[in-house]
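The structure appears right after this line, and notes come after that.
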Amino acid sequence: MEYKNSRRTIIFPILLAVAMILGIAIGLSITRKIEQGDIELSRLLTPSFPTTKLGTILSLIDSKYVDAVPIDSITEEFIPQILSKLDPHSIYMPAKEAKESMESLAGEFDGIGVVFNMATDTVIIQNVVSGGPSEKVGIMSGDRIITINDSIVAGRNINQNDIVKMLKGVGGTTVRLGIERAGAQSLLPFEVVRSKIPVQSIDAAFMIQPGIGYIKLLQFSRNSHEEFVNAVMQLKEQGMEHLIFDLTANSGGFLDQAILIANEFLPQNALIVYTEGRATRTAQTYADGTGRLIGQDMVLLIDEGSASSSEIVAGAFQDNDIGLIVGRRSFGKGLVQQQIPFNDGSLMNLTIARYHTPTGRSIQRPYNDPEAYNNDLLNRLLHSELISADSIKLSDSLKYVTPKGKIVYGGGGIMPDVFVPMDTTALDKHVTSVMANNILFNFTLKYTDEHRTELQQIKTMDDIKAFFEQNEEQMYNEFVRYAASKGASIAGADKSSQDFMKYFIKGYIARNTVLQDNGFYYFMYPVYNIVTKAVEILETAPDQRAIFLTTIKGNESPKVTDGTTPEKAADKKTN
């Protein structure tokens, strides 16, 4: 985000962009409802801007300027500039970008139903969606896509995103594929009719230990609540008594889905979240008491990648004394955007309010310094915040107390009850050499290809565990030789680094079976210290869990130039 200091360079583009936006918006006839708030665009427009002179200037430029001027292109260029002067999360998305963004949250898209990888410049199908259009015509995992609609795509160094675009399309249309299959003498022709493919927001849901269920939610998409409830019910049928709910790296999504999931855990009349804005009424959302998980023994995981809707759920649990929050301080994105669609398919996300947790904490971290805001993760690393709880600065002026007397802090993001430092094992030189150069991942693709027949027989977690118990030593020795052939010697790696690489190998290979991400997370969790801490906590009797609560004592937060607290600074509009 770029901020210029010249008054002219700031004001003129803003005024020009305002005039353009208003000129376009007034001419739109939009009947679609806006996602949040159910308000029509026409009701958002106000006559308070002096548009006459600027509107006249634009009209004169359009009609009388010596050269033809692409007003639409100028508008597309200036709208992002004006929004960038407001806050980090008020943004404009052109039609193409808006479509892709909405599709990722919509819960489904039209495609052929395969999971593929192109690490070797060939489209290798890793998994076929059960019941999807590719499975129906006989396409199998391990197949290689050589041609798409008679165009050769193998060995052409085509970008993976371009392959996705070629395979996706309007439902009901047909894509012709030329498939190379082991044992076949020539390419096998397939015609696949594109249809709706569900986009799962639950990455994984399985029993991580007897009695302990694990659910990883990647984002809050349109069907997340339904997926979550289904996953919980399935785990309960498998004997789940304790739950690990993983929201690490979950950047947010639909607010209503976050509220519905939080409602499953909270007792009646418990406040979930409230919003405050200059032009919007303060709105509180309370639990209705119908949740199926009220009283559920639970640990919620967050980290620096958990944002927005993830932080609303974490804040609601923490401020209502539900479960334990484990991990690292969350991202700190607590601004409410209203989605305003335009009739050309583009849209604007305009910040209209701020989220607050039940105790009154603002989730949003300060953004009065754009450079510091954009470099927040780097700054956390440099100041050791991701490594040591003692490096985290908290201000007593932003201290809040939950109903049961637990101390929590505002100032941006959610501070976990139990701090877990970032694991630095991956910084070992041996691990770095095979991870940074993609050697480990490419080995797992090669191994999967060579053992495709055996891996296709795997149906359950017990099956894959038995496979690894029988083959782990030989598999790792193969990896050592493969890495050496690629110029990475790992023969001198210590046991912890070897274990780290072994878990990654098993996780990637398990992902290439029918178990998919369940297999990946199951074999990865022993080297994921946030999850192992959660397991340790849940294996301890509830009345003894106080030993896991980390008391974080911090110094006062750095002073803000105008003398306000960081939380109050976040309430100021940045110019």
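Labels for the structure tokens follow display order: chains A, B, ..., residues from 1 in each chain, ligands from 1.
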Contacts of stretch 193-203 of chain A within 8 Å, only C-alpha atoms, excl. fewer than 6 positions in-chain, as a PyMOL selection string: chain A and resi 104+106-113+132-133+168-175+215-221+223-224+227-228+517-518
Picked from stretch 396-563 of chain A by DSSP as alpha helix (DSSP H), as a ChimeraX atom specification: /A:429-436,439-450,452-456,461-485,495-511,516-524,529-538
Exercise: stretch 537-549 of chain A partners within 10 Å, only C-alpha atoms, chain neighbours under 2 positions left out, as an NGL selection string: :A and (209 or 211-212 or 241-244 or 297-299 or 324-326 or 416-419 or 531-535 or 551-552)
Could you take the residues named above and write them with N, CA and C atoms, as a PDB file, in the first residue's frame?
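Contents of out36.pdb, as written:
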ATOM      1  N   GLN A 209      -6.413 -39.011  18.363  1.00  0.00           N
ATOM      2  CA  GLN A 209      -6.094 -39.949  19.438  1.00  0.00           C
ATOM      3  C   GLN A 209      -7.422 -40.552  19.880  1.00  0.00           C
ATOM      4  N   GLY A 211     -10.604 -40.868  21.574  1.00  0.00           N
ATOM      5  CA  GLY A 211     -11.389 -39.907  22.333  1.00  0.00           C
ATOM      6  C   GLY A 211     -11.190 -38.466  21.932  1.00  0.00           C
ATOM      7  N   ILE A 212     -10.160 -38.161  21.114  1.00  0.00           N
ATOM      8  CA  ILE A 212      -9.868 -36.774  20.729  1.00  0.00           C
ATOM      9  C   ILE A 212     -10.063 -36.598  19.229  1.00  0.00           C
ATOM     10  N   GLU A 241     -14.784 -37.444  22.536  1.00  0.00           N
ATOM     11  CA  GLU A 241     -15.168 -36.796  23.787  1.00  0.00           C
ATOM     12  C   GLU A 241     -14.561 -35.391  23.883  1.00  0.00           C
ATOM     13  N   HIS A 242     -13.396 -35.203  23.264  1.00  0.00           N
ATOM     14  CA  HIS A 242     -12.691 -33.922  23.278  1.00  0.00           C
ATOM     15  C   HIS A 242     -12.463 -33.481  21.833  1.00  0.00           C
ATOM     16  N   LEU A 243     -12.436 -32.159  21.624  1.00  0.00           N
ATOM     17  CA  LEU A 243     -12.306 -31.644  20.263  1.00  0.00           C
ATOM     18  C   LEU A 243     -11.158 -30.655  20.165  1.00  0.00           C
ATOM     19  N   ILE A 244     -10.339 -30.819  19.121  1.00  0.00           N
ATOM     20  CA  ILE A 244      -9.359 -29.805  18.728  1.00  0.00           C
ATOM     21  C   ILE A 244      -9.903 -29.138  17.470  1.00  0.00           C
ATOM     22  N   ASP A 297     -15.939 -30.317  25.638  1.00  0.00           N
ATOM     23  CA  ASP A 297     -14.540 -30.102  26.014  1.00  0.00           C
ATOM     24  C   ASP A 297     -13.765 -29.823  24.732  1.00  0.00           C
ATOM     25  N   MET A 298     -13.087 -28.652  24.679  1.00  0.00           N
ATOM     26  CA  MET A 298     -12.575 -28.201  23.396  1.00  0.00           C
ATOM     27  C   MET A 298     -11.346 -27.311  23.570  1.00  0.00           C
ATOM     28  N   VAL A 299     -10.435 -27.400  22.605  1.00  0.00           N
ATOM     29  CA  VAL A 299      -9.297 -26.490  22.477  1.00  0.00           C
ATOM     30  C   VAL A 299      -9.361 -25.875  21.087  1.00  0.00           C
ATOM     31  N   LEU A 324     -10.129 -23.614  25.746  1.00  0.00           N
ATOM     32  CA  LEU A 324      -8.855 -22.914  25.839  1.00  0.00           C
ATOM     33  C   LEU A 324      -8.413 -22.513  24.441  1.00  0.00           C
ATOM     34  N   ILE A 325      -7.825 -21.319  24.327  1.00  0.00           N
ATOM     35  CA  ILE A 325      -7.276 -20.848  23.064  1.00  0.00           C
ATOM     36  C   ILE A 325      -5.770 -21.108  23.109  1.00  0.00           C
ATOM     37  N   VAL A 326      -5.265 -21.851  22.122  1.00  0.00           N
ATOM     38  CA  VAL A 326      -3.867 -22.277  22.111  1.00  0.00           C
ATOM     39  C   VAL A 326      -3.209 -21.826  20.807  1.00  0.00           C
ATOM     40  N   PRO A 416      -3.663 -15.871  22.723  1.00  0.00           N
ATOM     41  CA  PRO A 416      -4.107 -17.187  23.211  1.00  0.00           C
ATOM     42  C   PRO A 416      -3.949 -17.326  24.717  1.00  0.00           C
ATOM     43  N   ASP A 417      -4.710 -18.236  25.299  1.00  0.00           N
ATOM     44  CA  ASP A 417      -4.545 -18.569  26.720  1.00  0.00           C
ATOM     45  C   ASP A 417      -3.224 -19.299  26.945  1.00  0.00           C
ATOM     46  N   VAL A 418      -2.846 -20.117  25.967  1.00  0.00           N
ATOM     47  CA  VAL A 418      -1.605 -20.891  26.048  1.00  0.00           C
ATOM     48  C   VAL A 418      -0.755 -20.555  24.831  1.00  0.00           C
ATOM     49  N   PHE A 419       0.395 -19.946  25.073  1.00  0.00           N
ATOM     50  CA  PHE A 419       1.281 -19.549  23.987  1.00  0.00           C
ATOM     51  C   PHE A 419       2.151 -20.731  23.564  1.00  0.00           C
ATOM     52  N   VAL A 531      -0.583 -28.330  17.690  1.00  0.00           N
ATOM     53  CA  VAL A 531      -1.511 -29.452  17.808  1.00  0.00           C
ATOM     54  C   VAL A 531      -1.067 -30.408  18.916  1.00  0.00           C
ATOM     55  N   THR A 532       0.226 -30.687  18.992  1.00  0.00           N
ATOM     56  CA  THR A 532       0.686 -31.597  20.039  1.00  0.00           C
ATOM     57  C   THR A 532       0.436 -31.015  21.429  1.00  0.00           C
ATOM     58  N   LYS A 533       0.533 -29.680  21.559  1.00  0.00           N
ATOM     59  CA  LYS A 533       0.202 -29.047  22.843  1.00  0.00           C
ATOM     60  C   LYS A 533      -1.281 -29.226  23.149  1.00  0.00           C
ATOM     61  N   ALA A 534      -2.136 -29.090  22.137  1.00  0.00           N
ATOM     62  CA  ALA A 534      -3.571 -29.273  22.345  1.00  0.00           C
ATOM     63  C   ALA A 534      -3.883 -30.699  22.800  1.00  0.00           C
ATOM     64  N   VAL A 535      -3.225 -31.678  22.171  1.00  0.00           N
ATOM     65  CA  VAL A 535      -3.425 -33.073  22.580  1.00  0.00           C
ATOM     66  C   VAL A 535      -2.989 -33.260  24.020  1.00  0.00           C
ATOM     67  N   THR A 551       0.904 -17.209  31.852  1.00  0.00           N
ATOM     68  CA  THR A 551       0.733 -15.824  32.273  1.00  0.00           C
ATOM     69  C   THR A 551       1.699 -14.976  31.474  1.00  0.00           C
ATOM     70  N   ILE A 552       1.161 -14.108  30.647  1.00  0.00           N
ATOM     71  CA  ILE A 552       1.981 -13.289  29.773  1.00  0.00           C
ATOM     72  C   ILE A 552       2.066 -11.881  30.355  1.00  0.00           C
TER      73      ILE A 552
END
Shell around A:Ser496 at 12 Å using only C-alpha atoms, local window under 2 positions removed, as a ChimeraX atom specification: /A:423-428,430-431,492-494,498-503,526-527
Contact residues around A:Asp449 with only C-alpha atoms at 10 Å, ignoring same-chain residues under 4 positions, as an MDAnalysis selection string: chainID A and resid 124 126 141:143 182 443:445 453 455 512
Using only N, CA, C and O atoms, please write the residues we just selected to a file, as a PDB file, in the first residue's frame.
ATOM      1  N   ILE A 124      -0.411 -34.554 -13.437  1.00  0.00           N
ATOM      2  CA  ILE A 124      -0.581 -35.874 -12.840  1.00  0.00           C
ATOM      3  C   ILE A 124      -1.778 -35.827 -11.899  1.00  0.00           C
ATOM      4  O   ILE A 124      -1.805 -35.018 -10.964  1.00  0.00           O
ATOM      5  N   GLN A 126      -3.757 -36.727  -8.894  1.00  0.00           N
ATOM      6  CA  GLN A 126      -3.474 -37.337  -7.598  1.00  0.00           C
ATOM      7  C   GLN A 126      -4.710 -38.003  -7.005  1.00  0.00           C
ATOM      8  O   GLN A 126      -4.623 -39.066  -6.403  1.00  0.00           O
ATOM      9  N   SER A 141      -6.751 -41.964 -10.413  1.00  0.00           N
ATOM     10  CA  SER A 141      -5.556 -41.354  -9.860  1.00  0.00           C
ATOM     11  C   SER A 141      -4.329 -42.008 -10.503  1.00  0.00           C
ATOM     12  O   SER A 141      -4.324 -43.213 -10.766  1.00  0.00           O
ATOM     13  N   GLY A 142      -3.301 -41.195 -10.754  1.00  0.00           N
ATOM     14  CA  GLY A 142      -2.124 -41.689 -11.455  1.00  0.00           C
ATOM     15  C   GLY A 142      -2.151 -41.416 -12.946  1.00  0.00           C
ATOM     16  O   GLY A 142      -1.098 -41.443 -13.603  1.00  0.00           O
ATOM     17  N   ASP A 143      -3.335 -41.148 -13.491  1.00  0.00           N
ATOM     18  CA  ASP A 143      -3.429 -40.793 -14.913  1.00  0.00           C
ATOM     19  C   ASP A 143      -2.720 -39.460 -15.162  1.00  0.00           C
ATOM     20  O   ASP A 143      -2.673 -38.590 -14.291  1.00  0.00           O
ATOM     21  N   ALA A 182      -0.469 -45.844 -17.224  1.00  0.00           N
ATOM     22  CA  ALA A 182       0.512 -46.926 -17.169  1.00  0.00           C
ATOM     23  C   ALA A 182      -0.092 -48.212 -17.726  1.00  0.00           C
ATOM     24  O   ALA A 182      -1.189 -48.619 -17.331  1.00  0.00           O
ATOM     25  N   PHE A 443       9.991 -35.966  -4.357  1.00  0.00           N
ATOM     26  CA  PHE A 443      10.233 -37.378  -4.050  1.00  0.00           C
ATOM     27  C   PHE A 443       8.917 -38.095  -3.751  1.00  0.00           C
ATOM     28  O   PHE A 443       8.707 -39.231  -4.185  1.00  0.00           O
ATOM     29  N   THR A 444       8.035 -37.438  -2.998  1.00  0.00           N
ATOM     30  CA  THR A 444       6.767 -38.089  -2.645  1.00  0.00           C
ATOM     31  C   THR A 444       5.904 -38.328  -3.889  1.00  0.00           C
ATOM     32  O   THR A 444       5.178 -39.323  -3.949  1.00  0.00           O
ATOM     33  N   LEU A 445       5.984 -37.436  -4.864  1.00  0.00           N
ATOM     34  CA  LEU A 445       5.256 -37.669  -6.119  1.00  0.00           C
ATOM     35  C   LEU A 445       5.836 -38.880  -6.848  1.00  0.00           C
ATOM     36  O   LEU A 445       5.098 -39.720  -7.372  1.00  0.00           O
ATOM     37  N   THR A 453      -0.150 -48.851  -7.344  1.00  0.00           N
ATOM     38  CA  THR A 453      -1.034 -50.011  -7.159  1.00  0.00           C
ATOM     39  C   THR A 453      -1.262 -50.296  -5.680  1.00  0.00           C
ATOM     40  O   THR A 453      -2.400 -50.543  -5.249  1.00  0.00           O
ATOM     41  N   LEU A 455      -0.838 -48.190  -3.126  1.00  0.00           N
ATOM     42  CA  LEU A 455      -1.508 -47.065  -2.457  1.00  0.00           C
ATOM     43  C   LEU A 455      -2.992 -47.000  -2.806  1.00  0.00           C
ATOM     44  O   LEU A 455      -3.794 -46.492  -2.019  1.00  0.00           O
ATOM     45  N   ASN A 512      -1.841 -38.311  -1.104  1.00  0.00           N
ATOM     46  CA  ASN A 512      -2.039 -38.816  -2.460  1.00  0.00           C
ATOM     47  C   ASN A 512      -2.891 -40.079  -2.515  1.00  0.00           C
ATOM     48  O   ASN A 512      -3.062 -40.659  -3.586  1.00  0.00           O
TER      49      ASN A 512
END
